Each structure stands twice: as structure tokens, then as C-alpha cells.
>>> print(open('upload-v4.txt').read())   # compact mmCIF, C-alpha atoms and all ligand atoms
# COMPACT_ATOMS: atom_id res chain seq x y z
CA MET Z 29 79.96 87.15 -52.94
CA ASP Z 30 82.76 87.88 -50.46
CA ALA Z 31 83.40 85.78 -47.39
CA PRO Z 32 81.48 87.73 -44.67
CA ASN Z 33 78.41 88.12 -46.90
CA LEU Z 34 78.58 84.49 -47.87
CA ILE Z 35 78.74 83.35 -44.26
CA ALA Z 36 75.85 85.64 -43.34
CA ALA Z 37 73.79 84.33 -46.25
CA VAL Z 38 74.37 80.70 -45.31
CA GLN Z 39 73.71 81.38 -41.66
CA ALA Z 40 70.41 82.90 -42.67
CA LEU Z 41 69.54 79.54 -44.26
CA GLN Z 42 70.97 77.49 -41.40
CA PRO Z 43 70.98 79.47 -38.15
CA ASP Z 44 72.83 76.85 -36.10
CA ALA Z 45 75.84 76.83 -38.45
CA THR Z 46 78.95 78.18 -36.75
CA VAL Z 47 82.07 79.56 -38.32
CA ARG Z 48 85.09 77.28 -38.11
CA ALA Z 49 88.17 79.08 -36.92
CA GLN Z 50 91.48 78.52 -38.70
CA SER Z 51 90.44 78.02 -42.26
CA ASP Z 52 91.49 79.88 -45.35
CA ARG Z 53 88.15 79.57 -47.10
CA PRO Z 54 84.85 80.48 -45.47
CA THR Z 55 84.00 77.35 -43.52
CA LEU Z 56 80.85 76.55 -41.60
CA ILE Z 57 80.29 73.77 -39.11
CA VAL Z 58 76.88 72.23 -39.64
CA PRO Z 59 75.10 69.33 -37.93
CA ALA Z 60 75.00 66.08 -39.88
CA HIS Z 61 71.21 65.84 -40.02
CA ALA Z 62 70.97 69.24 -41.74
CA LEU Z 63 73.52 68.45 -44.43
CA VAL Z 64 71.36 67.28 -47.32
CA ALA Z 65 68.71 69.98 -46.94
CA LEU Z 66 71.33 72.69 -46.63
CA ALA Z 67 73.34 71.46 -49.64
CA THR Z 68 70.18 71.39 -51.74
CA ARG Z 69 69.37 74.97 -50.83
CA LEU Z 70 72.95 76.09 -51.42
CA ARG Z 71 72.81 74.58 -54.86
CA ASP Z 72 69.40 75.99 -55.79
CA ASP Z 73 69.50 79.42 -54.16
CA PRO Z 74 69.88 81.93 -57.05
CA ALA Z 75 72.17 84.13 -54.95
CA LEU Z 76 74.51 81.27 -53.98
CA ARG Z 77 74.37 78.68 -56.79
CA PHE Z 78 76.92 76.22 -55.43
CA ASP Z 79 76.73 73.91 -58.41
CA LEU Z 80 80.00 72.04 -57.91
CA LEU Z 81 81.14 69.76 -55.14
CA GLU Z 82 84.82 70.24 -55.72
CA THR Z 83 86.00 67.57 -53.37
CA HIS Z 84 85.01 65.76 -50.26
CA THR Z 85 87.46 64.47 -47.74
CA ALA Z 86 87.87 63.85 -44.04
CA VAL Z 87 90.25 64.49 -41.18
CA ASP Z 88 90.82 62.07 -38.36
CA TRP Z 89 91.01 63.96 -35.06
CA LEU Z 90 92.15 61.01 -33.03
CA ASP Z 91 92.58 62.80 -29.68
CA GLU Z 92 89.15 64.41 -29.98
CA ASP Z 93 87.63 61.08 -30.98
CA ARG Z 94 85.87 62.46 -34.03
CA LEU Z 95 86.11 62.44 -37.79
CA GLU Z 96 85.66 65.75 -39.50
CA LEU Z 97 84.07 65.59 -42.95
CA LEU Z 98 84.81 68.44 -45.30
CA TYR Z 99 82.73 69.34 -48.33
CA LEU Z 100 84.39 71.88 -50.59
CA LEU Z 101 81.72 73.66 -52.60
CA THR Z 102 82.28 76.03 -55.48
CA SER Z 103 79.96 78.15 -57.51
CA VAL Z 104 81.18 78.17 -61.09
CA PRO Z 105 78.90 81.00 -62.32
CA LEU Z 106 79.42 83.22 -59.27
CA GLY Z 107 83.01 82.26 -58.50
CA HIS Z 108 82.81 81.84 -54.75
CA HIS Z 109 83.80 78.99 -52.47
CA LEU Z 110 82.45 77.53 -49.27
CA THR Z 111 83.48 74.62 -47.10
CA LEU Z 112 81.04 72.68 -44.97
CA SER Z 113 82.39 70.79 -42.00
CA VAL Z 114 80.50 67.96 -40.34
CA SER Z 115 81.83 66.08 -37.34
CA VAL Z 116 80.92 62.49 -36.61
CA ASP Z 117 81.79 60.03 -33.90
CA ARG Z 118 84.83 57.88 -34.75
CA ASP Z 119 83.11 54.71 -33.63
CA ALA Z 120 79.81 55.34 -35.38
CA PRO Z 121 80.64 57.52 -38.38
CA LEU Z 122 77.23 57.71 -40.00
CA VAL Z 123 76.22 60.64 -42.22
CA PRO Z 124 73.59 61.09 -44.91
CA THR Z 125 74.86 60.85 -48.47
CA LEU Z 126 75.02 63.83 -50.81
CA CYS Z 127 74.63 61.67 -53.94
CA LYS Z 128 71.15 62.99 -54.64
CA VAL Z 129 72.35 66.59 -54.59
CA TYR Z 130 75.72 66.18 -56.29
CA PRO Z 131 76.09 62.96 -58.32
CA ILE Z 132 79.90 63.25 -58.08
CA ALA Z 133 79.57 62.62 -54.37
CA GLU Z 134 79.02 58.96 -55.10
CA TRP Z 135 82.69 58.32 -55.84
CA LEU Z 136 84.03 60.91 -53.43
CA GLU Z 137 82.10 59.22 -50.66
CA ARG Z 138 83.32 55.82 -51.74
CA GLU Z 139 86.85 57.14 -51.40
CA ALA Z 140 86.16 58.54 -47.93
CA TYR Z 141 84.63 55.20 -46.99
CA ASP Z 142 87.66 53.41 -48.38
CA MET Z 143 90.18 55.51 -46.47
CA PHE Z 144 88.33 56.50 -43.29
CA GLY Z 145 85.49 54.04 -42.98
CA ILE Z 146 82.80 56.67 -43.00
CA LEU Z 147 79.38 55.19 -43.56
CA TYR Z 148 77.02 57.08 -45.85
CA ASP Z 149 73.40 56.49 -45.18
CA ASP Z 150 71.41 55.74 -48.36
CA HIS Z 151 74.50 55.59 -50.59
CA PRO Z 152 73.64 53.47 -53.67
CA ASP Z 153 76.96 51.63 -53.95
CA LEU Z 154 79.17 51.93 -50.90
CA ARG Z 155 82.17 49.81 -51.89
CA ARG Z 156 85.90 50.40 -51.68
CA LEU Z 157 87.27 52.55 -54.48
CA PHE Z 158 91.08 52.34 -54.42
CA LEU Z 159 91.96 49.41 -52.22
CA GLU Z 160 91.15 45.78 -52.83
CA ASP Z 161 87.73 44.66 -51.77
CA ASP Z 162 89.15 42.33 -49.13
CA TRP Z 163 91.27 45.01 -47.46
CA VAL Z 164 90.94 45.08 -43.70
CA GLY Z 165 90.86 48.46 -41.96
CA PHE Z 166 90.85 52.05 -43.08
CA PRO Z 167 94.40 53.24 -43.74
CA LEU Z 168 94.00 56.99 -43.37
CA ARG Z 169 92.79 56.65 -39.81
CA LYS Z 170 95.60 57.73 -37.53
CA ASP Z 171 95.57 54.50 -35.53
CA TYR Z 172 95.71 52.23 -38.59
CA GLU Z 173 98.38 49.57 -38.51
CA ASP Z 174 99.16 46.48 -40.51
CA ASP Z 175 101.97 43.97 -40.93
CA PHE Z 176 103.19 45.45 -44.19
CA MET Z 177 103.94 48.88 -42.77
CA LEU Z 178 107.49 49.67 -41.75
CA GLU Z 179 108.28 51.80 -38.73
CA ARG Z 180 111.05 54.28 -39.24
CA PRO Z 181 114.08 53.24 -37.21
CA GLU Z 182 115.12 56.04 -34.86
CA MET K 13 135.91 26.82 -97.98
CA GLY K 14 136.00 29.19 -100.86
CA VAL K 15 136.50 32.79 -101.57
CA ILE K 16 134.24 34.27 -98.97
CA THR K 17 135.73 32.41 -96.05
CA ASP K 18 139.20 33.16 -97.23
CA ASN K 19 138.51 36.81 -97.39
CA LEU K 20 136.54 37.07 -94.20
CA PRO K 21 138.09 34.37 -92.05
CA GLY K 22 136.72 35.71 -88.80
CA VAL K 23 133.25 36.57 -89.88
CA LEU K 24 132.36 33.17 -91.18
CA GLU K 25 133.00 30.26 -88.94
CA PRO K 26 133.19 26.66 -90.10
CA LEU K 27 131.00 24.31 -88.17
CA PRO K 28 131.02 20.53 -88.10
CA GLY K 29 128.93 19.32 -90.98
CA GLY K 30 130.16 21.91 -93.39
CA SER K 31 127.64 24.68 -92.71
CA VAL K 32 128.75 28.13 -91.69
CA LEU K 33 127.59 30.43 -88.98
CA VAL K 34 128.16 34.14 -89.14
CA THR K 35 129.55 34.96 -85.76
CA ALA K 36 129.21 38.67 -86.30
CA VAL K 37 125.49 38.08 -86.19
CA ASP K 38 125.71 38.05 -82.43
CA GLN K 39 127.17 41.46 -82.41
CA LEU K 40 124.80 42.68 -85.04
CA ILE K 41 121.80 41.39 -83.15
CA ASN K 42 122.92 42.91 -79.90
CA TRP K 43 123.70 46.15 -81.63
CA SER K 44 120.27 46.33 -83.18
CA ARG K 45 118.58 45.28 -79.96
CA SER K 46 120.38 47.97 -78.04
CA ASN K 47 119.48 50.59 -80.60
CA SER K 48 115.84 49.75 -81.02
CA LEU K 49 114.58 49.67 -77.48
CA TRP K 50 110.88 50.22 -77.67
CA PRO K 51 109.64 51.37 -74.31
CA LEU K 52 106.25 50.43 -73.01
CA THR K 53 103.94 53.36 -72.38
CA PHE K 54 103.78 52.87 -68.66
CA GLY K 55 104.19 55.35 -65.85
CA THR K 56 102.71 55.69 -62.44
CA SER K 57 103.59 59.02 -60.87
CA CYS K 58 105.85 62.06 -60.79
CA CYS K 59 108.85 60.20 -62.25
CA ALA K 60 106.78 59.25 -65.26
CA ILE K 61 106.03 62.90 -65.96
CA GLU K 62 109.71 63.70 -65.64
CA MET K 63 110.62 60.84 -67.89
CA MET K 64 108.15 61.90 -70.55
CA MET K 65 109.53 65.43 -70.48
CA ALA K 66 113.09 64.16 -70.52
CA THR K 67 112.64 61.71 -73.34
CA GLY K 68 110.02 63.23 -75.56
CA ALA K 69 111.16 66.82 -75.75
CA ALA K 70 113.74 68.27 -78.07
CA ARG K 71 116.72 68.81 -75.80
CA HIS K 72 117.17 65.25 -74.55
CA ASP K 73 115.34 63.42 -77.28
CA MET K 74 115.37 59.68 -76.75
CA ALA K 75 114.97 59.13 -80.48
CA ARG K 76 118.72 59.57 -80.94
CA PHE K 77 119.17 56.21 -79.24
CA GLY K 78 116.46 54.47 -81.17
CA ALA K 79 114.21 54.32 -78.16
CA GLU K 80 111.45 56.75 -79.00
CA VAL K 81 108.83 54.35 -80.28
CA ALA K 82 106.75 54.09 -77.14
CA ARG K 83 104.41 51.16 -77.51
CA PRO K 84 101.05 51.01 -75.81
CA SER K 85 101.03 47.21 -76.09
CA PRO K 86 103.44 45.13 -74.04
CA ARG K 87 103.55 42.60 -76.89
CA GLN K 88 105.48 45.08 -79.00
CA ALA K 89 107.63 46.65 -76.31
CA ASP K 90 110.97 45.44 -75.05
CA LEU K 91 111.88 48.08 -72.50
CA LEU K 92 109.85 48.57 -69.38
CA VAL K 93 110.72 51.79 -67.61
CA ILE K 94 109.29 51.66 -64.13
CA ALA K 95 108.93 55.35 -63.50
CA GLY K 96 107.10 56.00 -60.29
CA THR K 97 105.58 54.56 -57.19
CA ILE K 98 104.27 51.02 -57.37
CA VAL K 99 101.44 50.32 -54.99
CA LYS K 100 99.98 46.99 -53.92
CA ARG K 101 97.06 47.35 -56.27
CA MET K 102 99.38 48.05 -59.21
CA ALA K 103 101.86 45.26 -58.48
CA PRO K 104 99.95 42.36 -60.08
CA ARG K 105 99.21 44.50 -63.14
CA LEU K 106 102.88 45.38 -63.47
CA ARG K 107 103.78 41.71 -63.23
CA THR K 108 101.25 40.90 -65.96
CA LEU K 109 102.63 43.62 -68.22
CA TYR K 110 106.13 42.29 -67.73
CA GLU K 111 105.07 38.75 -68.47
CA GLN K 112 103.26 39.83 -71.60
CA MET K 113 106.40 41.40 -73.05
CA ALA K 114 108.32 39.23 -75.47
CA GLU K 115 111.89 38.17 -74.75
CA PRO K 116 114.37 39.75 -74.73
CA ARG K 117 112.93 42.33 -72.38
CA TYR K 118 114.71 44.85 -70.29
CA VAL K 119 113.64 46.71 -67.18
CA MET K 120 114.86 50.06 -65.95
CA ALA K 121 113.80 51.21 -62.49
CA THR K 122 114.02 54.98 -62.38
CA GLY K 123 113.62 56.98 -59.20
CA SER K 124 113.79 56.16 -55.53
CA CYS K 125 110.24 54.89 -55.49
CA ALA K 126 110.92 52.19 -58.06
CA ILE K 127 114.19 51.31 -56.35
CA CYS K 128 113.15 51.08 -52.71
CA GLY K 129 109.86 52.83 -52.09
CA GLY K 130 111.55 56.20 -51.82
CA PRO K 131 109.81 58.78 -49.68
CA PHE K 132 107.00 56.28 -49.03
CA MET K 133 109.20 53.60 -47.58
CA TYR K 134 108.05 54.05 -43.99
CA HIS K 135 104.51 54.28 -42.65
CA SER K 136 103.00 53.39 -45.98
CA TYR K 137 100.19 50.89 -46.10
CA THR K 138 100.47 50.30 -49.80
CA THR K 139 103.76 51.31 -51.46
CA ILE K 140 105.84 48.38 -52.70
CA ARG K 141 109.40 48.86 -51.48
CA GLY K 142 111.16 48.47 -54.77
CA ALA K 143 109.96 47.22 -58.13
CA ASP K 144 112.48 44.37 -57.90
CA GLU K 145 110.19 42.76 -55.37
CA ILE K 146 107.91 42.03 -58.31
CA ILE K 147 110.01 41.77 -61.46
CA PRO K 148 113.73 41.53 -62.21
CA VAL K 149 115.37 44.87 -62.87
CA ASP K 150 118.38 45.44 -65.14
CA VAL K 151 119.31 49.04 -64.49
CA TYR K 152 118.58 51.23 -61.50
CA VAL K 153 118.59 54.98 -62.01
CA PRO K 154 118.58 56.84 -58.70
CA GLY K 155 117.03 60.24 -58.16
CA CYS K 156 113.78 61.73 -57.00
CA PRO K 157 113.12 62.19 -59.84
CA PRO K 158 116.29 61.41 -61.82
CA ARG K 159 117.56 64.29 -63.89
CA PRO K 160 117.34 63.81 -67.65
CA GLU K 161 121.11 63.26 -67.76
CA ALA K 162 120.79 60.56 -65.15
CA PHE K 163 118.02 58.90 -67.09
CA PHE K 164 120.12 58.92 -70.23
CA TYR K 165 123.09 57.64 -68.33
CA GLY K 166 120.89 54.73 -67.32
CA LEU K 167 119.79 54.20 -70.89
CA LEU K 168 123.38 54.19 -72.11
CA THR K 169 124.25 51.73 -69.37
CA LEU K 170 121.44 49.47 -70.49
CA GLN K 171 122.64 49.67 -74.07
CA LYS K 172 126.13 48.70 -72.99
CA MET K 173 124.72 45.79 -71.01
CA ILE K 174 122.74 44.58 -73.98
CA ARG K 175 125.77 44.73 -76.25
CA GLU K 176 127.88 42.73 -73.85
CA GLY K 177 125.16 40.44 -72.64
CA GLU K 178 123.06 37.67 -74.02
CA SER K 179 124.09 36.31 -77.41
CA ILE K 180 123.63 33.27 -79.59
CA ARG K 181 126.77 31.87 -78.03
CA HIS K 182 125.60 32.53 -74.51
CA PRO K 183 121.84 32.22 -74.61
CA GLY K 184 120.00 33.15 -71.47
CA GLU K 185 123.02 34.86 -70.04
CA ARG K 186 122.00 38.13 -68.47
CA ARG K 187 124.17 40.68 -66.78
CA ARG K 188 123.64 41.27 -63.11
CA PRO K 189 121.58 44.37 -62.40
CA VAL K 190 123.59 47.55 -62.24
CA LEU K 191 123.13 50.85 -60.49
CA ALA K 192 123.50 53.58 -63.07
CA ALA K 193 124.27 56.30 -60.58
CA LEU K 194 126.21 59.14 -62.09
CA PRO K 195 129.81 58.61 -60.98
CA GLU K 196 131.31 61.17 -58.66
CA GLY K 197 132.66 64.16 -60.54
CA MET K 198 130.79 63.29 -63.74
CA THR K 199 129.49 66.46 -65.32
CA LEU K 200 126.90 67.21 -67.89
CA ASP K 201 129.67 67.87 -70.38
CA ASP K 202 131.07 64.38 -69.84
CA ILE K 203 127.69 62.86 -70.50
CA ARG K 204 127.20 65.00 -73.57
CA LYS K 205 130.59 63.87 -74.80
CA GLU K 206 129.74 60.23 -74.17
CA MET K 207 126.50 60.64 -76.06
CA GLN K 208 128.34 62.36 -78.91
CA ASP K 209 130.88 59.57 -79.11
CA LEU K 210 128.16 57.03 -79.05
CA LEU K 211 126.26 58.74 -81.80
CA SER K 212 129.27 59.34 -83.96
CA HIS K 213 130.93 55.95 -84.08
CA ASP K 214 129.39 53.51 -81.65
CA ALA K 215 126.18 53.50 -83.62
CA ASN K 216 127.97 51.58 -86.38
CA VAL K 217 128.90 47.94 -86.10
CA ASN K 218 132.64 47.72 -85.87
CA MET K 219 133.44 45.06 -88.46
CA THR K 220 137.13 44.93 -87.52
CA ASP K 221 136.28 44.04 -83.95
CA ALA K 222 133.66 41.60 -85.11
CA ALA K 223 136.09 39.89 -87.42
CA ALA K 224 138.71 39.69 -84.68
CA GLU K 225 136.19 38.20 -82.30
CA GLY K 226 135.07 35.73 -84.93
CA ALA K 227 138.65 34.68 -85.58
CA HIS K 228 139.14 34.18 -81.87
CA TYR K 229 136.14 31.88 -81.65
CA SER K 230 137.18 29.98 -84.77
CA ALA K 231 140.56 29.32 -83.21
CA GLU K 232 138.87 28.16 -80.04
CA LEU K 233 136.66 25.81 -82.01
CA LYS K 234 139.64 24.33 -83.83
CA ASP K 235 141.38 23.59 -80.56
CA PHE K 236 138.25 21.96 -79.37
S1 LIG Z 301 111.11 58.84 -56.82
FE1 LIG Z 301 110.36 60.90 -56.30
S2 LIG Z 301 109.78 61.83 -58.27
FE2 LIG Z 301 109.94 59.61 -58.57
S3 LIG Z 301 107.88 58.79 -58.29
FE3 LIG Z 301 108.93 58.67 -56.32
S4 LIG Z 301 108.39 60.55 -55.27
FE4 LIG Z 301 107.94 60.86 -57.43
>>> encode(input="upload-v4.txt", output="C-alpha cells", more="lines below")
Ligand code: SF4
Amino acid sequence: MDAPNLIAAVQALQPDATVRAQSDRPTLIVPAHALVALATRLRDDPALRFDLLETHTAVDWLDEDRLELLYLLTSVPLGHHLTLSVSVDRDAPLVPTLCKVYPIAEWLEREAYDMFGILYDDHPDLRRLFLEDDWVGFPLRKDYEDDFMLERPE
Amino acid sequence: MGVITDNLPGVLEPLPGGSVLVTAVDQLINWSRSNSLWPLTFGTSCCAIEMMMATGAARHDMARFGAEVARPSPRQADLLVIAGTIVKRMAPRLRTLYEQMAEPRYVMATGSCAICGGPFMYHSYTTIRGADEIIPVDVYVPGCPPRPEAFFYGLLTLQKMIREGESIRHPGERRRPVLAALPEGMTLDDIRKEMQDLLSHDANVNMTDAAAEGAHYSAELKDF
């Protein structure tokens, strides 16, 4: 399915999804509470069949005080791609987990928790993935600082 | 002391008590150590890929220098090539690997990351700024990543160090770490020539030199 048709098809499933400007794949902004239901339908809809969560990551928009979560979906049989974007508050980054829909999300979400401190509601095992368990802070947040880090001398 | 000592005065050295010690053994041991460096299968990022391509493929095959037997167990390896970025999580594991290797063990740090943190020196929450913060390094090979020639230049440097370094006479004596940067004006042809020379005659123990060295030590011992 090509990008305009894909966006129309997803918007038919989720009318309040808006198109995100400036993205090279079709990207839709969806509300956090609709995420799990929408992902399930995207996976099971015979015309869409998004059977692969390719990756999940986040962007820290420090000046807008929000974290943007990105879910990169791919349909292996139909060969099309879609990105879902969910924004959460930086201070209370709580989203539902996608583990039940895509089992791979378990580790991808652990990584996002590790790096950005995003909290996944109902995640079975929300621990750090790459950093030590006693690490303090979330290093990919733009305001992260620690004693080890060196500033570049001007 | 008989026919053998008469004929090979420098190679055999009289010791108090009547026993003999073959002084050329030092040279022989160092020669064989330098030509049978077994690297540990260890690599952490882009440099490791480069190193594998440089050393395993046909054009720059590391086997010519006796260093192709990559060992997956640190117990059997004696060369640790730190190729790549070392992060905080990796550092204790690297230390353990180093400590598990048997003496004598040699360490080459290849690439800017292993030397100083490289491109991740600033604003990094996790990159260790130089492998020598964790373990002692013998040879540094600069580059990001080092070219195959540079890597081999480092390997040749290490071999030279081993030949001149620790011996039975001077146990525990290690050379200071060296930077194996390609000297200014050094071309690929020069390196090829050096490798050729090395392969053609340096790969044999020079018995004349060994005998001369042995004679020198014998004389020293007599004075003593
Ligand atoms: S020195 Fe360069 S090539 Fe080597 S590991 Fe670091 S970034 Fe990669």
C-alpha cells in the first residue's frame, strides 16, 4: 500500500490520528491511550498486516517538555512501513506497553526505559537493559549530566 | 669443558657449579614468542571489524607473522588486541579477560577509541577514555580505524619489543609502551619492504648474533 492510502486506511481505524510533518516514512501521531488497541488492529487487519515492530525509540524534545515515542512498524508480507508517534510528558512519561501485541517490545521498551526513563504500564520486567542496575539517571535525556562526562573545552 | 663448549663458546655458558646454560635460549624464546602471538578473539566495535578484515583476509594475512590462531579462550591467548570502544559496562570484563591470560601477555590498543576514547571522548556518559585506564598497553596504533598497514606496523613493533624485551636474564623487564604511529613519509612500499625483509631473514634465529651475545655475557661473568 502506498503512503497516502496507508495513512487514509489507518485514519479510518483511528480518526483522531494526525499526520506528522517532516518525516520520510508515513508517520501518524496517536494518543497514548489508543496505542495498544490501534497496534492490535494494525497487526490483525488483513489489508495492513503490520506483523513486525522494527524498532522502538524515543526523542527528547527538551524545549517542548515532552518525550516523543516512535514505533516503527513494518509489514513483511505486504512490504509497507508506518511509524506511530506518541508524545508523553517529560515528568510523567507513562505509556501502555506493547508487549502483548509484539513480544519484541519487551526488550525495546526496556532499552527506552534505560535511556529515557519512559515508564511502560503493565510491562512484565521493566529493568535496565544496557546500563548497570544501580545507574542513576537516564543518559539519553538532553539534560543528563554526571561526574564522568567531560565537557569539550572551547 | 669439552668439545661442545670449545666449538660453541658463546652459545654455552659456564656457570658456577659446573652446569651450563644455553644463553641463546633467551633469543630463541623471544623469537618464538614474537612469532607465535595468539590473539584473543575480542573486539568491541568498528575497529574490530576492520581488524578482522585486515588480518583474516588474503592481502594482509596475519598468518605470515604467526599470529593467525585467534583463540576464543583467554587461557590460550597471549595477545589482546583492544579494537574498539570500551564502555563502563565492558571495562570489568576486559580486566577479567586480561587477568585470565597467561604471562607473558601483550596488549595492543588499536584505534582512537582504545587510545583515548576517540570520537566519544566528550559528552559521553559511558566511554572509557583509553584502554590504558584499565589494563597496561604495550603498543598503541592510532587511526579511526587504523589502516591495515598501520595495524601491521603495530604488530611488527610489538614483535620487535618482544625480541628486545623480557628474557631469562632480565625477567619481568618490560619495554615502555610505544606509539606505533606510521612515521612521517613512510609509504606502503616501505612497509611492504620491511615485511619482506622480516619474512625473508628475520624469521630465522641469527646464530652468529646469538653466539656473539653469548660470548659477551660469558666474558662479563668471568670478570664478575
Ligand atoms: S577508533 Fe574509530 S573506527 Fe575504531 S572503534 Fe573508535 S570510532 Fe570505531
>>> interface_residues(input="upload-v4.txt", of="chain K", to="chain Z", cutoff="12 Å", atoms="only C-alpha atoms", output="list in words")
Val99, Lys100, Arg101, Met102, Pro104, Gly129, Pro131, Phe132, Met133, Tyr134, His135, Ser136, Tyr137, Thr138, Thr139, Ile140 and Arg141 of chain K
>>> residues_around(input="upload-v4.txt", residues="Ala162 in chain K", least_positions_apart="2", cutoff="8 Å", atoms="only C-alpha atoms", output="VMD selection string")
chain K and resid 153 to 155 158 to 160 164 to 166 192 to 194
>>> residues_around(input="upload-v4.txt", residues="Leu95 in chain Z", least_positions_apart="2", cutoff="12 Å", atoms="all atoms listed in the file", output="ChimeraX atom specification")
/Z:60,85-93,97-98,113-123,140-141,143-147,168-170
>>> atom_distance(input="upload-v4.txt", atom1="CA of Pro51 in chain K", atom2="CA of Gln39 in chain K")
21.7 Å
>>> closest_residue(input="upload-v4.txt", among="K:Gly78, K:Gly130, K:Pro84, K:Pro116", to="ligand LIG 301 (chain Z)", atoms="only C-alpha atoms and all ligand atoms")
K:Gly130
>>> residues_near_ligand(input="upload-v4.txt", ligand="ligand LIG 301 (chain Z)", cutoff="7 Å", atoms="all atoms listed in the file", output="PyMOL selection string")
chain K and resi 57-59+95-97+123-126+130-131+155-157
>>> write_last_selection(input="upload-v4.txt", atoms="C-alpha atoms", output="JSON list (two decimals), in the frame of the given file")
[["chain", "number", "residue", "atom", "x", "y", "z"],
["K", 57, "SER", "CA", 103.59, 59.02, -60.87],
["K", 58, "CYS", "CA", 105.85, 62.06, -60.79],
["K", 59, "CYS", "CA", 108.85, 60.20, -62.25],
["K", 95, "ALA", "CA", 108.93, 55.35, -63.50],
["K", 96, "GLY", "CA", 107.10, 56.00, -60.29],
["K", 97, "THR", "CA", 105.58, 54.56, -57.19],
["K", 123, "GLY", "CA", 113.62, 56.98, -59.20],
["K", 124, "SER", "CA", 113.79, 56.16, -55.53],
["K", 125, "CYS", "CA", 110.24, 54.89, -55.49],
["K", 126, "ALA", "CA", 110.92, 52.19, -58.06],
["K", 130, "GLY", "CA", 111.55, 56.20, -51.82],
["K", 131, "PRO", "CA", 109.81, 58.78, -49.68],
["K", 155, "GLY", "CA", 117.03, 60.24, -58.16],
["K", 156, "CYS", "CA", 113.78, 61.73, -57.00],
["K", 157, "PRO", "CA", 113.12, 62.19, -59.84]]
>>> residues_around(input="upload-v4.txt", residues="Thr125 in chain Z", least_positions_apart="6", cutoff="8 Å", atoms="all atoms listed in the file", output="list in words")
Val64, Ala133, Glu137, Tyr148, Asp149, Asp150 and His151 of chain Z
>>> decode(input="upload-v4.txt", residues="range 60-72 of chain Z", atoms="N, CA, C and O atoms", output="compact mmCIF listing (two decimals), in the first residue's frame")
# COMPACT_ATOMS: atom_id res chain seq x y z
N ALA Z 60 -1.76 8.35 23.49
CA ALA Z 60 -1.18 7.21 24.20
C ALA Z 60 -2.23 6.16 24.55
O ALA Z 60 -1.96 4.96 24.46
N HIS Z 61 -3.42 6.60 24.96
CA HIS Z 61 -4.40 5.61 25.43
C HIS Z 61 -4.90 4.72 24.30
O HIS Z 61 -5.40 3.63 24.53
N ALA Z 62 -4.74 5.20 23.04
CA ALA Z 62 -5.25 4.41 21.91
C ALA Z 62 -4.22 3.45 21.35
O ALA Z 62 -4.52 2.67 20.44
N LEU Z 63 -3.01 3.49 21.90
CA LEU Z 63 -1.88 2.81 21.26
C LEU Z 63 -2.07 1.30 21.12
O LEU Z 63 -1.93 0.74 20.03
N VAL Z 64 -2.42 0.64 22.23
CA VAL Z 64 -2.47 -0.82 22.21
C VAL Z 64 -3.57 -1.30 21.28
O VAL Z 64 -3.36 -2.19 20.43
N ALA Z 65 -4.75 -0.68 21.38
CA ALA Z 65 -5.87 -1.12 20.54
C ALA Z 65 -5.53 -0.90 19.07
O ALA Z 65 -5.77 -1.77 18.22
N LEU Z 66 -4.92 0.24 18.77
CA LEU Z 66 -4.59 0.54 17.37
C LEU Z 66 -3.54 -0.44 16.85
O LEU Z 66 -3.69 -0.99 15.75
N ALA Z 67 -2.49 -0.70 17.66
CA ALA Z 67 -1.44 -1.62 17.21
C ALA Z 67 -2.01 -3.00 16.95
O ALA Z 67 -1.64 -3.67 15.98
N THR Z 68 -2.94 -3.44 17.82
CA THR Z 68 -3.54 -4.76 17.61
C THR Z 68 -4.29 -4.80 16.29
O THR Z 68 -4.17 -5.77 15.52
N ARG Z 69 -5.03 -3.73 15.99
CA ARG Z 69 -5.79 -3.74 14.74
C ARG Z 69 -4.85 -3.64 13.54
O ARG Z 69 -5.11 -4.26 12.51
N LEU Z 70 -3.79 -2.86 13.68
CA LEU Z 70 -2.83 -2.77 12.57
C LEU Z 70 -2.20 -4.12 12.27
O LEU Z 70 -1.94 -4.48 11.13
N ARG Z 71 -1.97 -4.88 13.34
CA ARG Z 71 -1.34 -6.18 13.14
C ARG Z 71 -2.32 -7.16 12.50
O ARG Z 71 -1.94 -7.96 11.64
N ASP Z 72 -3.61 -7.09 12.94
CA ASP Z 72 -4.55 -8.13 12.54
C ASP Z 72 -5.35 -7.79 11.29
O ASP Z 72 -5.92 -8.69 10.67
